[in-house]
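Source file run_19.tsv; content: TSV, C-alpha atoms.
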chain	number	residue	atom	x	y	z
Z	1	MET	CA	-17.06	16.40	-2.73
Z	2	ARG	CA	-14.47	17.02	-5.42
Z	3	PRO	CA	-15.52	18.15	-8.89
Z	4	LEU	CA	-15.54	15.33	-11.42
Z	5	GLU	CA	-12.90	15.56	-14.16
Z	6	PHE	CA	-12.36	13.57	-17.32
Z	7	GLY	CA	-9.20	13.01	-19.32
Z	8	TRP	CA	-8.65	11.49	-22.76
Z	9	TYR	CA	-5.76	9.63	-24.39
Z	10	LEU	CA	-3.60	10.74	-27.32
Z	11	PRO	CA	-2.58	7.70	-29.45
Z	12	THR	CA	0.68	9.02	-30.88
Z	13	HIS	CA	1.56	5.42	-31.83
Z	14	GLY	CA	-1.50	5.13	-34.06
Z	15	ASP	CA	-5.09	3.97	-33.81
Z	16	THR	CA	-7.22	1.00	-34.83
Z	17	THR	CA	-10.65	-0.56	-34.79
Z	18	ALA	CA	-9.23	-4.11	-34.91
Z	19	TYR	CA	-5.96	-5.29	-33.39
Z	20	GLY	CA	-4.14	-7.67	-35.74
Z	21	LEU	CA	-5.99	-6.52	-38.88
Z	22	MET	CA	-3.65	-4.48	-41.07
Z	23	GLU	CA	-6.35	-2.63	-42.99
Z	24	ALA	CA	-7.83	-1.37	-39.71
Z	25	GLN	CA	-4.59	0.28	-38.56
Z	26	ILE	CA	-4.10	4.05	-38.66
Z	27	ALA	CA	-0.50	5.20	-38.42
Z	28	GLY	CA	0.57	7.82	-35.91
Z	29	SER	CA	0.75	11.26	-37.49
Z	30	PRO	CA	0.37	14.96	-36.67
Z	31	GLU	CA	-3.01	14.85	-38.41
Z	32	LEU	CA	-4.23	11.99	-36.20
Z	33	CYS	CA	-3.07	13.81	-33.08
Z	34	GLU	CA	-4.81	17.02	-34.10
Z	35	ARG	CA	-8.09	15.17	-34.81
Z	36	VAL	CA	-8.02	13.51	-31.40
Z	37	VAL	CA	-7.10	16.67	-29.50
Z	38	LYS	CA	-9.84	18.67	-31.22
Z	39	ALA	CA	-12.41	15.98	-30.51
Z	40	ALA	CA	-11.33	15.71	-26.86
Z	41	GLU	CA	-11.42	19.46	-26.33
Z	42	ASP	CA	-14.78	19.80	-28.07
Z	43	ALA	CA	-16.11	17.04	-25.77
Z	44	SER	CA	-14.95	19.06	-22.70
Z	45	PHE	CA	-12.24	16.67	-21.55
Z	46	GLU	CA	-10.06	18.46	-19.02
Z	47	TYR	CA	-6.73	16.69	-19.55
Z	48	LEU	CA	-4.93	14.68	-22.22
Z	49	LEU	CA	-2.76	11.66	-21.39
Z	50	ILE	CA	0.36	11.57	-23.60
Z	51	PRO	CA	1.75	8.00	-23.62
Z	52	VAL	CA	5.34	6.84	-23.36
Z	53	GLY	CA	6.97	3.68	-24.67
Z	54	SER	CA	9.09	2.56	-27.56
Z	55	VAL	CA	6.22	2.68	-30.08
Z	56	CYS	CA	5.03	6.13	-28.94
Z	57	TRP	CA	6.17	9.51	-30.18
Z	58	GLU	CA	8.20	11.53	-27.69
Z	59	ALA	CA	5.74	12.76	-25.08
Z	60	TRP	CA	7.11	16.22	-24.18
Z	61	ILE	CA	7.45	17.36	-27.79
Z	62	ALA	CA	4.07	15.91	-28.76
Z	63	GLY	CA	2.43	17.45	-25.70
Z	64	ALA	CA	3.92	20.88	-26.36
Z	65	PHE	CA	2.77	20.90	-29.97
Z	66	MET	CA	-0.73	19.77	-28.99
Z	67	ALA	CA	-0.93	22.42	-26.26
Z	68	ALA	CA	-0.10	25.02	-28.90
Z	69	ARG	CA	-2.88	23.65	-31.13
Z	70	SER	CA	-5.56	23.74	-28.44
Z	71	SER	CA	-6.91	26.25	-25.94
Z	72	ARG	CA	-8.22	24.49	-22.81
Z	73	ILE	CA	-7.14	20.87	-22.45
Z	74	LYS	CA	-4.12	20.13	-20.23
Z	75	PRO	CA	-1.49	17.65	-21.45
Z	76	LEU	CA	-0.66	15.02	-18.83
Z	77	ILE	CA	3.00	14.16	-19.50
Z	78	ALA	CA	5.26	11.64	-17.80
Z	79	ALA	CA	8.17	12.53	-15.56
Z	80	ARG	CA	10.02	9.21	-15.46
Z	81	PRO	CA	12.78	8.64	-12.91
Z	82	GLY	CA	16.28	8.48	-14.33
Z	83	TYR	CA	15.46	9.98	-17.73
Z	84	ILE	CA	15.90	13.73	-17.19
Z	85	ASN	CA	17.97	15.59	-14.60
Z	86	PRO	CA	15.44	16.88	-12.02
Z	87	VAL	CA	16.67	20.50	-12.16
Z	88	LEU	CA	16.20	20.50	-15.94
Z	89	MET	CA	12.86	18.73	-15.53
Z	90	ALA	CA	11.67	21.40	-13.08
Z	91	LYS	CA	12.63	24.12	-15.56
Z	92	MET	CA	10.97	22.27	-18.47
Z	93	ILE	CA	7.71	21.87	-16.60
Z	94	SER	CA	7.55	25.44	-15.30
Z	95	THR	CA	8.42	26.80	-18.76
Z	96	PHE	CA	5.71	24.62	-20.31
Z	97	ASP	CA	3.28	25.83	-17.65
Z	98	GLN	CA	4.03	29.50	-18.37
Z	99	MET	CA	4.02	29.10	-22.16
Z	100	SER	CA	0.71	27.19	-22.18
Z	101	GLY	CA	-1.12	29.45	-19.73
Z	102	GLY	CA	-1.13	26.90	-16.91
Z	103	ARG	CA	-1.90	23.82	-18.99
Z	104	ILE	CA	0.39	21.02	-17.82
Z	105	CYS	CA	-0.01	18.18	-15.36
Z	106	ILE	CA	2.57	15.56	-14.47
Z	107	ASN	CA	2.25	11.81	-14.78
Z	108	LEU	CA	4.58	9.82	-12.50
Z	109	ILE	CA	5.64	6.54	-14.12
Z	110	ALA	CA	8.23	4.16	-12.69
Z	111	GLY	CA	6.91	0.87	-14.04
Z	112	GLN	CA	6.68	0.06	-17.75
Z	113	ASN	CA	8.05	-2.91	-19.67
Z	114	GLU	CA	11.43	-3.78	-18.12
Z	115	SER	CA	13.04	-4.60	-21.47
Z	116	GLU	CA	12.08	-1.18	-22.83
Z	117	VAL	CA	13.48	0.59	-19.79
Z	118	GLU	CA	16.77	-1.29	-20.17
Z	119	ALA	CA	16.85	-0.61	-23.92
Z	120	GLU	CA	16.59	3.11	-23.17
Z	121	GLY	CA	19.64	2.98	-20.93
Z	122	VAL	CA	17.98	3.14	-17.50
Z	123	ARG	CA	19.71	0.56	-15.34
Z	124	TYR	CA	17.77	0.99	-12.10
Z	125	ALA	CA	15.58	-1.92	-11.00
Z	126	LYS	CA	11.88	-1.17	-10.53
Z	127	GLU	CA	12.21	-0.85	-6.74
Z	128	GLU	CA	15.07	1.61	-7.15
Z	129	ARG	CA	13.09	3.58	-9.71
Z	130	TYR	CA	10.35	4.24	-7.19
Z	131	ALA	CA	12.92	5.44	-4.65
Z	132	LEU	CA	14.48	7.61	-7.35
Z	133	MET	CA	11.04	8.94	-8.31
Z	134	GLU	CA	10.30	10.00	-4.75
Z	135	GLU	CA	13.64	11.80	-4.57
Z	136	GLU	CA	13.14	13.56	-7.90
Z	137	VAL	CA	9.61	14.70	-7.08
Z	138	SER	CA	10.88	16.10	-3.77
Z	139	ILE	CA	13.50	18.05	-5.72
Z	140	LEU	CA	10.92	19.37	-8.20
Z	141	LYS	CA	8.67	20.62	-5.44
Z	142	ALA	CA	11.59	22.20	-3.57
Z	143	LEU	CA	12.78	24.04	-6.68
Z	144	TRP	CA	9.27	25.40	-7.31
Z	145	THR	CA	8.53	26.52	-3.75
Z	146	THR	CA	11.81	27.40	-2.02
Z	147	ARG	CA	12.84	31.03	-1.84
Z	148	GLY	CA	16.56	31.13	-2.55
Z	149	PRO	CA	18.90	28.35	-3.70
Z	150	VAL	CA	18.03	24.68	-3.16
Z	151	HIS	CA	20.47	22.25	-1.60
Z	152	PHE	CA	19.68	18.54	-1.64
Z	153	GLU	CA	21.66	15.44	-0.76
Z	154	GLY	CA	20.03	12.08	-1.38
Z	155	LYS	CA	20.87	8.56	-2.45
Z	156	PHE	CA	20.69	9.41	-6.15
Z	157	HIS	CA	21.11	13.19	-6.44
Z	158	THR	CA	23.26	15.85	-4.82
Z	159	ILE	CA	22.31	19.43	-5.63
Z	160	SER	CA	24.12	22.52	-4.40
Z	161	GLY	CA	22.60	25.97	-4.76
Z	162	ALA	CA	20.13	25.22	-7.56
Z	163	HIS	CA	17.48	27.72	-8.59
Z	164	ILE	CA	15.27	27.99	-11.65
Z	165	ARG	CA	13.34	30.53	-13.66
Z	166	PRO	CA	10.50	30.77	-14.38
Z	167	ARG	CA	8.40	29.48	-11.51
Z	168	PRO	CA	5.24	27.59	-12.51
Z	169	LEU	CA	2.16	29.60	-13.38
Z	170	GLN	CA	0.00	27.12	-11.45
Z	171	GLN	CA	0.59	27.60	-7.75
Z	172	PRO	CA	2.24	26.13	-5.88
Z	173	PHE	CA	2.90	23.78	-8.83
Z	174	PRO	CA	1.05	21.63	-11.42
Z	175	LYS	CA	-0.96	18.58	-10.37
Z	176	PHE	CA	0.71	15.18	-10.06
Z	177	TYR	CA	-0.98	11.97	-11.20
Z	178	LEU	CA	0.28	8.44	-10.57
Z	179	GLY	CA	-1.12	5.12	-11.74
Z	180	GLY	CA	0.26	1.99	-10.12
Z	181	GLY	CA	-0.77	-1.13	-8.26
Z	182	SER	CA	2.31	-1.83	-6.15
Z	183	ARG	CA	2.82	-0.86	-2.53
Z	184	GLN	CA	5.72	1.37	-3.60
Z	185	ALA	CA	3.47	3.19	-6.06
Z	186	TRP	CA	0.92	3.74	-3.33
Z	187	GLU	CA	3.59	5.09	-0.99
Z	188	VAL	CA	4.74	7.67	-3.55
Z	189	SER	CA	1.13	8.67	-4.23
Z	190	ALA	CA	0.39	8.97	-0.52
Z	191	LYS	CA	3.23	11.47	-0.18
Z	192	HIS	CA	3.09	13.34	-3.47
Z	193	SER	CA	0.13	12.70	-5.80
Z	194	ASP	CA	-2.90	14.87	-6.32
Z	195	VAL	CA	-4.63	11.96	-8.07
Z	196	HIS	CA	-3.91	8.25	-7.81
Z	197	LEU	CA	-5.31	6.47	-10.88
Z	198	PHE	CA	-6.38	2.84	-10.60
Z	199	TRP	CA	-6.73	0.58	-13.60
Z	200	GLY	CA	-9.98	-1.28	-14.17
Z	201	ASP	CA	-11.13	-3.34	-11.22
Z	202	LEU	CA	-14.26	-4.06	-9.20
Z	203	PRO	CA	-15.76	-0.95	-7.52
Z	204	GLU	CA	-15.65	-2.55	-4.07
Z	205	ARG	CA	-11.96	-3.34	-4.50
Z	206	ILE	CA	-11.34	0.27	-5.57
Z	207	ALA	CA	-13.15	1.55	-2.47
Z	208	ASP	CA	-10.92	-0.65	-0.26
Z	209	ASN	CA	-7.78	0.56	-2.04
Z	210	ILE	CA	-8.84	4.19	-1.64
Z	211	ALA	CA	-9.29	3.68	2.09
Z	212	GLU	CA	-5.83	2.10	2.38
Z	213	ILE	CA	-4.03	4.85	0.44
Z	214	ARG	CA	-5.83	7.50	2.49
Z	215	ARG	CA	-4.50	5.83	5.63
Z	216	MET	CA	-1.01	5.92	4.15
Z	217	ALA	CA	-1.43	9.59	3.20
Z	218	ARG	CA	-2.36	10.43	6.79
Z	219	ALA	CA	1.30	9.98	7.76
Z	220	HIS	CA	2.10	12.96	5.49
Z	221	ASP	CA	-0.93	15.05	6.56
Z	222	ARG	CA	-2.37	14.48	3.09
Z	223	GLU	CA	-5.40	12.32	3.87
Z	224	ASP	CA	-7.74	14.95	2.41
Z	225	ALA	CA	-5.31	16.26	-0.22
Z	226	ILE	CA	-5.08	13.13	-2.35
Z	227	GLY	CA	-7.79	12.27	-4.86
Z	228	PHE	CA	-8.55	9.11	-6.82
Z	229	GLY	CA	-9.53	8.08	-10.30
Z	230	MET	CA	-9.80	5.32	-12.87
Z	231	ARG	CA	-7.94	4.59	-16.10
Z	232	LEU	CA	-10.47	2.84	-18.35
Z	233	GLN	CA	-11.43	2.22	-21.96
Z	234	VAL	CA	-14.89	3.17	-23.21
Z	235	ILE	CA	-16.82	1.53	-26.03
Z	236	CYS	CA	-20.14	3.36	-26.23
Z	237	ARG	CA	-22.75	3.17	-28.97
Z	238	GLU	CA	-26.34	4.36	-28.99
Z	239	ASN	CA	-27.39	0.71	-29.26
Z	240	GLU	CA	-25.90	-1.86	-26.85
Z	241	ALA	CA	-25.57	-4.54	-29.54
Z	242	ASP	CA	-23.47	-2.19	-31.67
Z	243	ALA	CA	-21.18	-1.54	-28.70
Z	244	TRP	CA	-20.55	-5.23	-28.15
Z	245	ASP	CA	-19.98	-5.76	-31.87
Z	246	ALA	CA	-17.33	-3.00	-31.83
Z	247	ALA	CA	-15.73	-4.60	-28.76
Z	248	ASP	CA	-15.60	-8.00	-30.44
Z	249	GLN	CA	-14.17	-6.52	-33.64
Z	250	LEU	CA	-11.40	-4.88	-31.63
Z	251	VAL	CA	-9.91	-8.21	-30.47
Z	252	ARG	CA	-11.29	-10.75	-32.96
Z	253	HIS	CA	-8.24	-10.65	-35.26
Z	254	ALA	CA	-5.51	-10.47	-32.62
Z	255	THR	CA	-2.64	-12.84	-33.28
Z	256	ASP	CA	-1.40	-15.48	-30.87
Z	257	ARG	CA	1.88	-13.56	-30.68
Z	258	GLN	CA	0.09	-10.41	-29.52
Z	259	LYS	CA	-1.77	-12.33	-26.84
Z	260	GLN	CA	1.38	-14.05	-25.62
Z	261	GLU	CA	3.25	-10.75	-25.36
Z	262	MET	CA	0.59	-9.43	-23.00
Z	263	LYS	CA	1.25	-12.38	-20.70
Z	264	THR	CA	5.05	-12.20	-20.71
Z	265	LEU	CA	6.33	-8.63	-21.30
Z	266	TYR	CA	4.82	-6.98	-18.23
Z	267	VAL	CA	5.35	-9.56	-15.51
Z	268	ARG	CA	7.08	-7.02	-13.21
Z	269	SER	CA	4.09	-4.67	-13.28
Z	270	GLU	CA	1.66	-5.41	-10.46
Z	271	ALA	CA	-1.05	-3.32	-12.09
Z	272	ASN	CA	-0.73	-5.26	-15.35
Z	273	GLN	CA	-0.71	-8.53	-13.46
Z	274	ARG	CA	-3.86	-7.50	-11.62
Z	275	VAL	CA	-5.84	-6.90	-14.83
Z	276	GLN	CA	-4.59	-10.21	-16.25
Z	277	GLN	CA	-5.63	-11.97	-13.03
Z	278	LEU	CA	-9.08	-10.38	-13.22
Z	279	ALA	CA	-9.47	-11.70	-16.77
Z	280	ARG	CA	-8.51	-15.19	-15.63
Z	281	ASP	CA	-10.79	-15.13	-12.59
Z	282	TYR	CA	-13.88	-13.51	-14.11
Z	283	GLY	CA	-13.58	-14.26	-17.80
Z	284	ASP	CA	-14.77	-11.61	-20.23
Z	285	LEU	CA	-16.99	-9.72	-17.78
Z	286	LEU	CA	-16.15	-8.32	-14.36
Z	287	MET	CA	-19.64	-6.80	-14.25
Z	288	PRO	CA	-22.40	-6.69	-16.89
Z	289	HIS	CA	-20.77	-3.76	-18.74
Z	290	LEU	CA	-17.13	-3.97	-17.56
Z	291	TRP	CA	-15.23	-6.03	-20.12
Z	292	THR	CA	-11.75	-7.56	-19.84
Z	293	GLY	CA	-11.30	-8.37	-23.52
Z	294	ILE	CA	-8.74	-5.67	-24.35
Z	295	THR	CA	-6.34	-7.19	-21.80
Z	296	LYS	CA	-5.68	-9.84	-24.46
Z	297	VAL	CA	-4.12	-7.34	-26.86
Z	298	ARG	CA	-3.07	-4.25	-24.92
Z	299	PRO	CA	-1.03	-3.66	-21.77
Z	300	GLY	CA	-2.10	-1.17	-19.15
Z	301	ALA	CA	-5.65	0.05	-19.44
Z	302	GLY	CA	-7.23	-3.14	-20.72
Z	303	ILE	CA	-10.58	-2.98	-18.92
Z	304	ALA	CA	-13.40	-1.37	-20.91
Z	305	VAL	CA	-16.82	0.05	-20.12
Z	306	VAL	CA	-19.10	-1.26	-22.89
Z	307	GLY	CA	-22.72	-0.47	-23.65
Z	308	ASN	CA	-25.23	2.19	-24.55
Z	309	PRO	CA	-24.96	5.67	-22.97
Z	310	GLU	CA	-27.11	4.85	-19.94
Z	311	GLN	CA	-25.21	1.60	-19.29
Z	312	CYS	CA	-21.80	3.28	-19.63
Z	313	ALA	CA	-22.84	6.12	-17.33
Z	314	ALA	CA	-24.25	3.70	-14.74
Z	315	THR	CA	-21.02	1.69	-14.72
Z	316	LEU	CA	-18.86	4.79	-14.28
Z	317	GLN	CA	-21.23	5.96	-11.54
Z	318	GLN	CA	-20.32	2.90	-9.49
Z	319	PHE	CA	-16.71	4.09	-9.44
Z	320	ILE	CA	-17.81	7.63	-8.58
Z	321	ASP	CA	-19.80	6.22	-5.68
Z	322	ALA	CA	-16.72	4.21	-4.62
Z	323	GLY	CA	-14.78	7.47	-4.20
Z	324	CYS	CA	-13.29	8.30	-7.62
Z	325	HIS	CA	-13.50	11.79	-9.09
Z	326	SER	CA	-11.06	11.61	-12.03
Z	327	PHE	CA	-11.50	9.40	-15.09
Z	328	CYS	CA	-8.72	8.97	-17.65
Z	329	LEU	CA	-10.45	7.36	-20.61
Z	330	SER	CA	-9.71	6.16	-24.12
Z	331	GLY	CA	-11.53	4.38	-26.93
Z	332	TYR	CA	-11.39	3.39	-30.57
Z	333	LEU	CA	-11.17	5.30	-32.78
Z	334	HIS	CA	-10.00	7.91	-30.33
Z	335	ASP	CA	-11.46	10.96	-32.05
Z	336	GLU	CA	-14.81	9.26	-32.69
Z	337	GLU	CA	-15.11	7.75	-29.20
Z	338	ALA	CA	-14.24	11.08	-27.56
Z	339	GLU	CA	-17.06	12.73	-29.51
Z	340	ARG	CA	-19.54	10.00	-28.52
Z	341	PHE	CA	-18.59	10.21	-24.85
Z	342	GLY	CA	-19.00	13.97	-24.77
Z	343	ARG	CA	-22.34	13.84	-26.60
Z	344	LEU	CA	-23.91	10.73	-25.08
Z	345	VAL	CA	-22.39	9.88	-21.68
Z	346	ARG	CA	-21.10	13.10	-20.12
Z	347	PRO	CA	-24.57	14.76	-20.00
Z	348	ILE	CA	-25.97	11.79	-18.07
Z	349	LEU	CA	-23.14	11.95	-15.55
Z	350	ALA	CA	-23.61	15.70	-15.22
Z	351	ALA	CA	-27.32	15.26	-14.50
Z	352	ASN	CA	-26.69	12.49	-11.98
Z	353	ASN	CA	-23.92	14.40	-10.17
Z	354	ARG	CA	-25.28	17.93	-10.06
Z	355	GLY	CA	-22.76	20.57	-9.13
Z	356	ARG	CA	-19.78	18.31	-9.73
Z	357	LEU	CA	-19.53	18.49	-13.53
Z	358	GLY	CA	-20.40	21.09	-16.12
Z	359	ALA	CA	-23.14	20.06	-18.51
Do you think you could lay out the structure here as structure tokens?
Amino acid sequence: MRPLEFGWYLPTHGDTTAYGLMEAQIAGSPELCERVVKAAEDASFEYLLIPVGSVCWEAWIAGAFMAARSSRIKPLIAARPGYINPVLMAKMISTFDQMSGGRICINLIAGQNESEVEAEGVRYAKEERYALMEEEVSILKALWTTRGPVHFEGKFHTISGAHIRPRPLQQPFPKFYLGGGSRQAWEVSAKHSDVHLFWGDLPERIADNIAEIRRMARAHDREDAIGFGMRLQVICRENEADAWDAADQLVRHATDRQKQEMKTLYVRSEANQRVQQLARDYGDLLMPHLWTGITKVRPGAGIAVVGNPEQCAATLQQFIDAGCHSFCLSGYLHDEEAERFGRLVRPILAANNRGRLGA
């Protein structure tokens, strides 16, 4: 069995304890980022998801600064198709890897809000972006592993005699993560990803999806190479009632405009549509401690594990038992929730999965 690993989220766009309530908002700042990174590293999180999007700070610069201000945690930074020339991207990543002592992992994102992608000048449709992503990842891997110059001719890129220095410190190259619910996302993961991250769903559905992606990976001789994980929120308190009160406070003041945006801005994202469908079908609770409420106010990872430490650990254990080994988590406030998870939940998971996670 694979070792369990846990990642945390860096809210460069700011933080809150109550969406829609101005006095609860904390603006993005270097100080906020440093608090969250310190808390995540102290809580033994292995990697740090750096977000992208129009409201987020630039991910590569933020990730580099946070790597320099920490000692162990690995920034997980997006390589988005069509944004950066793949030869330059390969050199950026390998330089980052060398400079940080092997602390970079790569997040493959082709989805996102279509209006944001267009506003940033990327004119490829979502289907084309996945094809472009596959091509660019193939180029990255070739540049990192080929001895001598790289030649490549594809639909989107033609490269003649490219070579880069330095090579990555991590061999043969850093780990790739991909989160996506579409068939195209699964196909790219089957061929290239080290970890495919699912968003919140029922454990039995996750087990079925894992089996399907493994079958797809078999065509690339990667059935055993690919791993799986979950992207989830966590709202943990020592007392269950306090956890549910914090969950309610998070969405209680959300405006109608915020709720409507969640229904309309991400209609091309199958993963976003899946979490919205789950909320419609199951209401607030998918399971006793798996809550859909954040889907009302936040795109992406809108499913939350809510409860006391034993309840949170038991819920996460169901996903471990379904075949997941990697958990990319977040919670509000991000520095405080990271500390609680490390102190209250991680030790339970370590005890229940001996040999797979450090205490």
List the neighbours of Leu232 in chain Z out to 8 Å using all atoms listed in the file; skip same-chain residues closer than 6 positions along the sequence, and give me the result as a JSON list (two decimals) with C-alpha atoms, in the frame of the given file.
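Writing the result to selection-v3.json gives the following:
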[["chain", "number", "residue", "atom", "x", "y", "z"],
["Z", 199, "TRP", "CA", -6.73, 0.58, -13.60],
["Z", 200, "GLY", "CA", -9.98, -1.28, -14.17],
["Z", 301, "ALA", "CA", -5.65, 0.05, -19.44],
["Z", 302, "GLY", "CA", -7.23, -3.14, -20.72],
["Z", 303, "ILE", "CA", -10.58, -2.98, -18.92],
["Z", 304, "ALA", "CA", -13.40, -1.37, -20.91],
["Z", 305, "VAL", "CA", -16.82, 0.05, -20.12],
["Z", 327, "PHE", "CA", -11.50, 9.40, -15.09],
["Z", 328, "CYS", "CA", -8.72, 8.97, -17.65],
["Z", 329, "LEU", "CA", -10.45, 7.36, -20.61],
["Z", 330, "SER", "CA", -9.71, 6.16, -24.12]]
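Proximity to Ile84 in chain Z was assessed for Z:Asn308, Z:Ala322, Z:Val137, Z:Trp57 counting only C-alpha atoms; the smallest distance is recorded for Z:Val137.
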Test item: residues at most 12 Å from range 219-221 of chain Z, all atoms listed in the file, excluding those fewer than 5 positions along its chain, as a list of chain:residue names
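With the cut-off at 12 Å, the set is Z:Glu187, Z:Val188, Z:Ser189, Z:Ala190, Z:Lys191, Z:His192, Z:Ser193, Z:Glu212, Z:Ile213, Z:Arg214, Z:Ile226.
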As a check of understanding: the span from CA of Cys105 in chain Z to CA of Lys175 in chain Z is 5.1 Å
Practice problem: Tell me, in Å to one decimal, how far CA of Val345 in chain Z is from CA of Ala247 in chain Z. | Solution: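 We find that CA of Val345 in chain Z and CA of Ala247 in chain Z lie 17.4 Å from each other.
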Quiz item: Do you know which residues are at most 7 Å from Leu48 in chain Z counting only C-alpha atoms, after dropping those on the same chain fewer than 3 positions away, and could you put them as a ChimeraX atom specification?
Solution: /Z:7-10,73-76
Nearest to Glu31 in chain Z, restricted to all atoms listed in the file and choosing among Z:Ala211, Z:Tyr19, Z:Arg2, Z:Gly14, comes out as Z:Gly14
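Among Z:Leu88, Z:Leu143, Z:Leu4, Z:Ala185, the residue with the shortest atom-to-atom distance to Gln317 in chain Z, counting only C-alpha atoms, is Z:Leu4.
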Inset, instruction - Give the answer as one residue: which of Z:Val87, Z:Leu285, Z:Leu197, Z:Ala217 has the shortest atom-to-atom distance to Trp144 in chain Z, using all atoms listed in the file? - result: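 So, comparing all the options, the nearest one is Z:Val87.
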A straight line from CA of Leu278 in chain Z to CA of Gly307 in chain Z spans 19.8 Å
Task: Protein, DNA and RNA residues within 7 Å of (-8.2, 19.7, -14.5), all atoms listed in the file, as a list in words - done: Glu5, Glu46 and Tyr47 of chain Z
### Lys126 in chain Z surroundings by all atoms listed in the file, 7 Å radius, close-in-sequence under 4 positions cut, as a list in words
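Counting all atoms listed in the file, the residues come to Ala110, Gly111 and Tyr130 of chain Z.
The residue set within 12 Å of Asn353 in chain Z, counting only C-alpha atoms and dropping same-chain residues fewer than 3 places from it, reads Met1, Arg2, Pro3, Leu4, Glu5, Ala313, Ala314, Leu316, Gln317, Ile320, Asp321, His325, Arg346, Pro347, Ile348, Leu349, Ala350, Arg356, Leu357, Gly358 and Ala359 of chain Z.
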Z:Glu134, Z:Asp281, Z:Asp42, Z:Glu153: which is nearest Phe341 in chain Z, counting all atoms listed in the file?
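Closest candidate: Z:Asp42.
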Residue with the minimum atom-to-atom distance to Ala78 in chain Z, picked from Z:Gly179, Z:Pro11, Z:Pro299, Z:Gly293 with only C-alpha atoms counted, is Z:Gly179
